[in-house]
Amino acid sequence: MYLKRFMMCAAVAAALTVAGVQPGAAADNYPSKTVTVVVPFAAGGNTDTFGRLVAEELDKRLGQRFIVENKPGAGGNVGLGDLARSKPDGYTIGMGTVSSNAINQTLYKTLPYDKEKGFEPISLIASLPNVLVVNPDKIKANTVEELVEFLKTDSAKHTYASSGVGTSIHLAGELLATKTGVKITHVPYKGSSQAILDVVAGHVDMMFDNIPTAAQQVKAGKLKALAVTSLERAKLLPDVPTMASIIPAFEATSWHGLFAPPGTPPEIVEKLSKEIQAIIADPAMKAKLEAMGVTPVGSSSAEFKDFIAKETVKWAEVIKAANVPLQ
């Protein structure tokens, strides 16, 4: 039996050699033409920014064009559906986020791709803290503890804005509500830019927002920052405490990573992962990202896969506990 199995394996290997296919050959010759990087959100946002930064560096390192193609819609599902249907040869890859690749798994009843197969994670590029900001004229609180007490004792209906249903900004508010027992009404917007302007104007009381835009309003004295949602303090707002130091296990970061269609050869995934890790580890790139308020990561494919699994479970629990309507 052993001899027969050995001979069969040898025959397969010989056939592949004759055909010109060697283990790792796909990665050795990759890329030999232009690569499309699908960004499932509109141009100008954080995901688009990270996608273009990475594409530009891959251009330089691998000697082929990496062209960004924006395909926004349905919380990232339109672009990811196209990515999932692409030929798994490494010539179409795409960006993904906490909302599109972890939260949507529970939030949407159906998705335009197989939930079980998902995607081939390449590398977690960066994470972006959110920060809880309040309109100081509407919310008389200087700390998270005072905010919770205020929301519990004030009989008025209070609101928080978000960049849309199912975003980390939205679910950070739901996480606050479920962990503290407060009642706040969610007001979704089509993006965070108008949302935070309405918080500044006093139309909405508070919001969790990505730290780069919120920090500008805080430093201008228009909003008050109570806490950041990363486990460590943010360099853009070093004096602001973390939510986790006040409410145990409170973490709600907006992360961004690179994916390939399911079935992409592991050699290509690994090659891209190593390139991304080298790009993110470069001192100039780290400095550029940190100046934006971003935490550079650059993980292996396996590390990213494990991270996504944990994030998917975490946000599924929040969605169910908060009774967020499925889309």
# chains A, B, ... in the order shown; residues from 1 in each chain; ligands from 1

call {"tool": "select_by_dssp", "arguments": {"residues": "stretch 186-290 of chain A", "states": "strand (DSSP E)", "output": "list of chain:residue names"}}
result
A:His186, A:Val187, A:Pro188, A:Met206, A:Met207, A:Phe208, A:Asp209, A:Asn210, A:Lys224, A:Ala225, A:Leu226, A:Ala227, A:Val228, A:Ser254, A:Trp255, A:His256, A:Gly257, A:Leu258, A:Phe259, A:Ala260

call {"tool": "select_by_dssp", "arguments": {"residues": "stretch 181-297 of chain A", "states": "alpha helix (DSSP H)", "output": "VMD selection string"}}
result
chain A and resid 192 to 201 211 to 219 266 to 281 283 to 291

call {"tool": "residues_around", "arguments": {"residues": "stretch 308-322 of chain A", "least_positions_apart": "5", "cutoff": "10 Å", "atoms": "only C-alpha atoms", "output": "PyMOL selection string"}}
result
chain A and resi 97-99+101-107+121+124+166+168+171-179+251-252+303

call {"tool": "residues_around", "arguments": {"residues": "A:Pro212", "least_positions_apart": "5", "cutoff": "10 Å", "atoms": "only C-alpha atoms", "output": "list in words"}}
result
Asn46, Leu128, Pro129, Asn130, Val131, Gln217, Leu236, Leu237, Ala291, Met292, Gly293 and Val294 of chain A

call {"tool": "write_last_selection", "arguments": {"atoms": "N, CA, C and O atoms", "output": "mmCIF file, in the first residue's frame"}}
result
data_model
loop_
_atom_site.group_PDB
_atom_site.id
_atom_site.type_symbol
_atom_site.label_atom_id
_atom_site.label_comp_id
_atom_site.auth_asym_id
_atom_site.auth_seq_id
_atom_site.Cartn_x
_atom_site.Cartn_y
_atom_site.Cartn_z
ATOM 1 N N ASN A 46 -10.413 56.436 4.847
ATOM 2 C CA ASN A 46 -9.229 55.795 5.430
ATOM 3 C C ASN A 46 -8.830 54.524 4.679
ATOM 4 O O ASN A 46 -7.643 54.290 4.421
ATOM 5 N N LEU A 128 -6.978 51.754 13.818
ATOM 6 C CA LEU A 128 -7.237 53.167 14.034
ATOM 7 C C LEU A 128 -8.155 53.330 15.249
ATOM 8 O O LEU A 128 -9.283 52.844 15.236
ATOM 9 N N PRO A 129 -7.682 53.962 16.320
ATOM 10 C CA PRO A 129 -8.533 54.127 17.493
ATOM 11 C C PRO A 129 -9.727 55.033 17.194
ATOM 12 O O PRO A 129 -9.636 55.953 16.381
ATOM 13 N N ASN A 130 -10.820 54.753 17.852
ATOM 14 C CA ASN A 130 -11.929 55.692 17.882
ATOM 15 C C ASN A 130 -11.824 56.471 19.190
ATOM 16 O O ASN A 130 -11.161 56.032 20.132
ATOM 17 N N VAL A 131 -12.460 57.611 19.228
ATOM 18 C CA VAL A 131 -12.459 58.407 20.450
ATOM 19 C C VAL A 131 -13.885 58.855 20.747
ATOM 20 O O VAL A 131 -14.629 59.231 19.837
ATOM 21 N N GLN A 217 -11.260 68.569 16.050
ATOM 22 C CA GLN A 217 -12.344 69.291 16.729
ATOM 23 C C GLN A 217 -12.061 69.432 18.227
ATOM 24 O O GLN A 217 -12.424 70.439 18.837
ATOM 25 N N LEU A 236 -2.095 61.015 19.287
ATOM 26 C CA LEU A 236 -2.709 62.290 18.902
ATOM 27 C C LEU A 236 -3.397 62.970 20.076
ATOM 28 O O LEU A 236 -3.511 64.193 20.115
ATOM 29 N N LEU A 237 -3.861 62.169 21.061
ATOM 30 C CA LEU A 237 -4.527 62.703 22.258
ATOM 31 C C LEU A 237 -3.951 61.993 23.486
ATOM 32 O O LEU A 237 -4.627 61.204 24.144
ATOM 33 N N ALA A 291 1.768 59.569 12.228
ATOM 34 C CA ALA A 291 1.404 60.983 12.134
ATOM 35 C C ALA A 291 -0.075 61.159 11.819
ATOM 36 O O ALA A 291 -0.670 62.197 12.125
ATOM 37 N N MET A 292 -0.677 60.122 11.216
ATOM 38 C CA MET A 292 -2.104 60.144 10.901
ATOM 39 C C MET A 292 -2.950 59.669 12.085
ATOM 40 O O MET A 292 -4.169 59.631 12.003
ATOM 41 N N GLY A 293 -2.292 59.272 13.181
ATOM 42 C CA GLY A 293 -3.017 58.752 14.328
ATOM 43 C C GLY A 293 -3.283 57.272 14.241
ATOM 44 O O GLY A 293 -4.096 56.718 14.980
ATOM 45 N N VAL A 294 -2.564 56.601 13.335
ATOM 46 C CA VAL A 294 -2.778 55.184 13.056
ATOM 47 C C VAL A 294 -1.746 54.343 13.800
ATOM 48 O O VAL A 294 -0.600 54.759 13.972
#

call {"tool": "atom_distance", "arguments": {"atom1": "atom CA of A:Phe119", "atom2": "atom CA of A:Pro261"}}
result
5.2 Å

call {"tool": "closest_residue", "arguments": {"among": "A:Ile169, A:Leu197, A:Met206, A:Ile184", "to": "A:Lys138", "atoms": "only C-alpha atoms"}}
result
A:Met206

call {"tool": "residues_around", "arguments": {"residues": "A:Ser245", "least_positions_apart": "4", "cutoff": "12 Å", "atoms": "only C-alpha atoms", "output": "number ranges by chain"}}
result
A: 143-145, 226-233, 240-241, 249-251

call {"tool": "write_last_selection", "arguments": {"atoms": "C-alpha atoms", "output": "mmCIF file, in the first residue's frame"}}
result
data_model
loop_
_atom_site.group_PDB
_atom_site.id
_atom_site.type_symbol
_atom_site.label_atom_id
_atom_site.label_comp_id
_atom_site.auth_asym_id
_atom_site.auth_seq_id
_atom_site.Cartn_x
_atom_site.Cartn_y
_atom_site.Cartn_z
ATOM 1 C CA THR A 143 -15.109 61.783 32.325
ATOM 2 C CA VAL A 144 -16.727 58.551 31.136
ATOM 3 C CA GLU A 145 -17.924 57.897 34.688
ATOM 4 C CA LEU A 226 -13.559 61.518 27.191
ATOM 5 C CA ALA A 227 -11.747 58.308 26.178
ATOM 6 C CA VAL A 228 -10.122 56.435 23.301
ATOM 7 C CA THR A 229 -11.206 52.911 22.359
ATOM 8 C CA SER A 230 -7.752 51.370 21.852
ATOM 9 C CA LEU A 231 -6.079 49.444 24.663
ATOM 10 C CA GLU A 232 -3.273 52.017 24.794
ATOM 11 C CA ARG A 233 -3.466 55.797 24.814
ATOM 12 C CA VAL A 240 -7.117 61.148 27.063
ATOM 13 C CA PRO A 241 -7.586 57.842 28.967
ATOM 14 C CA ALA A 249 -12.475 44.796 28.043
ATOM 15 C CA PHE A 250 -13.780 47.795 26.103
ATOM 16 C CA GLU A 251 -11.985 47.889 22.761
#

call {"tool": "closest_residue", "arguments": {"among": "A:Thr110, A:Gln64, A:Asn142, A:Ser273", "to": "A:Ala260", "atoms": "only C-alpha atoms"}}
result
A:Ser273

call {"tool": "closest_residue", "arguments": {"among": "A:Gln216, A:Asn210, A:Ser32, A:Ser127", "to": "A:Gly298", "atoms": "only C-alpha atoms"}}
result
A:Ser127

call {"tool": "residues_around", "arguments": {"residues": "A:Ala42", "least_positions_apart": "3", "cutoff": "10 Å", "atoms": "only C-alpha atoms", "output": "list in words"}}
result
Val39, Gly45, Asn46, Thr47, Asp48, Glu69, Asn70, Lys71, Pro72, Gly73 and Gly76 of chain A

call {"tool": "write_last_selection", "arguments": {"atoms": "N, CA and C atoms", "output": "compact mmCIF listing (two decimals), in the first residue's frame"}}
result
# COMPACT_ATOMS: atom_id res chain seq x y z
N VAL A 39 -10.83 48.46 -3.53
CA VAL A 39 -11.18 49.14 -2.29
C VAL A 39 -12.70 49.23 -2.25
N GLY A 45 -11.51 58.06 1.75
CA GLY A 45 -11.64 57.57 3.12
C GLY A 45 -10.38 56.89 3.60
N ASN A 46 -10.41 56.44 4.85
CA ASN A 46 -9.23 55.79 5.43
C ASN A 46 -8.83 54.52 4.68
N THR A 47 -9.82 53.69 4.32
CA THR A 47 -9.51 52.44 3.63
C THR A 47 -8.86 52.72 2.29
N ASP A 48 -9.35 53.71 1.60
CA ASP A 48 -8.78 54.11 0.31
C ASP A 48 -7.36 54.63 0.49
N GLU A 69 -8.83 50.24 -7.43
CA GLU A 69 -10.14 50.40 -8.06
C GLU A 69 -11.19 50.47 -6.95
N ASN A 70 -11.85 51.62 -6.85
CA ASN A 70 -12.88 51.81 -5.83
C ASN A 70 -14.21 51.21 -6.28
N LYS A 71 -14.81 50.36 -5.43
CA LYS A 71 -16.11 49.75 -5.71
C LYS A 71 -16.96 49.84 -4.45
N PRO A 72 -17.47 51.05 -4.14
CA PRO A 72 -18.23 51.23 -2.90
C PRO A 72 -19.66 50.69 -3.01
N GLY A 73 -20.27 50.52 -1.84
CA GLY A 73 -21.68 50.13 -1.80
C GLY A 73 -21.98 49.05 -0.78
N GLY A 76 -19.47 47.91 2.00
CA GLY A 76 -18.29 47.18 1.53
C GLY A 76 -18.63 45.89 0.82

call {"tool": "closest_residue", "arguments": {"among": "A:Asp306, A:Glu57, A:Glu120, A:Asp28", "to": "A:Met285", "atoms": "only C-alpha atoms"}}
result
A:Glu57

call {"tool": "closest_residue", "arguments": {"among": "A:Tyr113, A:Phe50, A:Tyr91, A:Tyr160", "to": "A:Trp255", "atoms": "only C-alpha atoms"}}
result
A:Phe50

call {"tool": "atom_distance", "arguments": {"atom1": "atom CA of A:Gly44", "atom2": "atom CA of A:Gln327"}}
result
25.4 Å

call {"tool": "closest_residue", "arguments": {"among": "A:Val200, A:Leu289, A:Ile211, A:Val35", "to": "A:Ile67", "atoms": "only C-alpha atoms"}}
result
A:Val35

call {"tool": "residues_around", "arguments": {"residues": "A:Met207", "least_positions_apart": "4", "cutoff": "6 Å", "atoms": "only C-alpha atoms", "output": "NGL selection string"}}
result
:A and (132-133 or 160-161)

call {"tool": "atom_distance", "arguments": {"atom1": "atom CA of A:Phe208", "atom2": "atom CA of A:Ser163"}}
result
9.3 Å

call {"tool": "decode", "arguments": {"residues": "stretch 61-81 of chain A", "atoms": "N, CA, C and O atoms", "output": "tab-separated table (two decimals), in the first residue's frame"}}
result
chain	number	residue	atom	x	y	z
A	61	ARG	N	8.38	47.73	-4.90
A	61	ARG	CA	9.09	46.55	-4.42
A	61	ARG	C	9.01	45.36	-5.39
A	61	ARG	O	9.94	44.56	-5.47
A	62	LEU	N	7.87	45.25	-6.10
A	62	LEU	CA	7.66	44.06	-6.93
A	62	LEU	C	7.77	44.33	-8.43
A	62	LEU	O	7.67	43.41	-9.23
A	63	GLY	N	7.92	45.59	-8.82
A	63	GLY	CA	8.21	45.89	-10.22
A	63	GLY	C	7.02	45.79	-11.17
A	63	GLY	O	7.21	45.72	-12.38
A	64	GLN	N	5.83	45.76	-10.64
A	64	GLN	CA	4.61	45.76	-11.47
A	64	GLN	C	3.63	46.77	-10.90
A	64	GLN	O	3.69	47.14	-9.73
A	65	ARG	N	2.70	47.22	-11.76
A	65	ARG	CA	1.71	48.19	-11.32
A	65	ARG	C	0.68	47.53	-10.41
A	65	ARG	O	0.16	46.45	-10.69
A	66	PHE	N	0.36	48.21	-9.30
A	66	PHE	CA	-0.73	47.84	-8.41
A	66	PHE	C	-1.72	49.00	-8.45
A	66	PHE	O	-1.43	50.09	-7.94
A	67	ILE	N	-2.86	48.79	-9.12
A	67	ILE	CA	-3.80	49.87	-9.39
A	67	ILE	C	-5.04	49.74	-8.49
A	67	ILE	O	-5.68	48.68	-8.43
A	68	VAL	N	-5.37	50.80	-7.78
A	68	VAL	CA	-6.54	50.82	-6.90
A	68	VAL	C	-7.81	51.05	-7.70
A	68	VAL	O	-7.86	51.92	-8.56
A	69	GLU	N	-8.83	50.24	-7.43
A	69	GLU	CA	-10.14	50.40	-8.06
A	69	GLU	C	-11.19	50.47	-6.95
A	69	GLU	O	-11.38	49.52	-6.20
A	70	ASN	N	-11.85	51.62	-6.85
A	70	ASN	CA	-12.88	51.81	-5.83
A	70	ASN	C	-14.21	51.21	-6.28
A	70	ASN	O	-14.69	51.52	-7.37
A	71	LYS	N	-14.81	50.36	-5.43
A	71	LYS	CA	-16.11	49.75	-5.71
A	71	LYS	C	-16.96	49.84	-4.45
A	71	LYS	O	-17.18	48.85	-3.74
A	72	PRO	N	-17.47	51.05	-4.14
A	72	PRO	CA	-18.23	51.23	-2.90
A	72	PRO	C	-19.66	50.69	-3.01
A	72	PRO	O	-20.17	50.45	-4.10
A	73	GLY	N	-20.27	50.52	-1.84
A	73	GLY	CA	-21.68	50.13	-1.80
A	73	GLY	C	-21.98	49.05	-0.78
A	73	GLY	O	-21.17	48.15	-0.57
A	74	ALA	N	-23.13	49.19	-0.10
A	74	ALA	CA	-23.64	48.19	0.83
A	74	ALA	C	-22.63	47.83	1.92
A	74	ALA	O	-22.41	46.67	2.23
A	75	GLY	N	-22.03	48.85	2.52
A	75	GLY	CA	-21.11	48.61	3.62
A	75	GLY	C	-19.89	47.81	3.25
A	75	GLY	O	-19.32	47.10	4.08
A	76	GLY	N	-19.47	47.91	2.00
A	76	GLY	CA	-18.29	47.18	1.53
A	76	GLY	C	-18.63	45.89	0.82
A	76	GLY	O	-17.76	45.26	0.21
A	77	ASN	N	-19.89	45.48	0.86
A	77	ASN	CA	-20.28	44.19	0.30
A	77	ASN	C	-20.20	44.13	-1.23
A	77	ASN	O	-19.95	43.06	-1.80
A	78	VAL	N	-20.42	45.26	-1.89
A	78	VAL	CA	-20.36	45.27	-3.36
A	78	VAL	C	-18.94	44.94	-3.83
A	78	VAL	O	-18.72	44.04	-4.64
A	79	GLY	N	-17.96	45.67	-3.30
A	79	GLY	CA	-16.58	45.44	-3.70
A	79	GLY	C	-16.07	44.07	-3.29
A	79	GLY	O	-15.36	43.41	-4.06
A	80	LEU	N	-16.44	43.63	-2.09
A	80	LEU	CA	-15.99	42.32	-1.63
A	80	LEU	C	-16.64	41.19	-2.42
A	80	LEU	O	-16.03	40.14	-2.63
A	81	GLY	N	-17.88	41.41	-2.88
A	81	GLY	CA	-18.52	40.41	-3.75
A	81	GLY	C	-17.76	40.24	-5.04
A	81	GLY	O	-17.53	39.12	-5.50
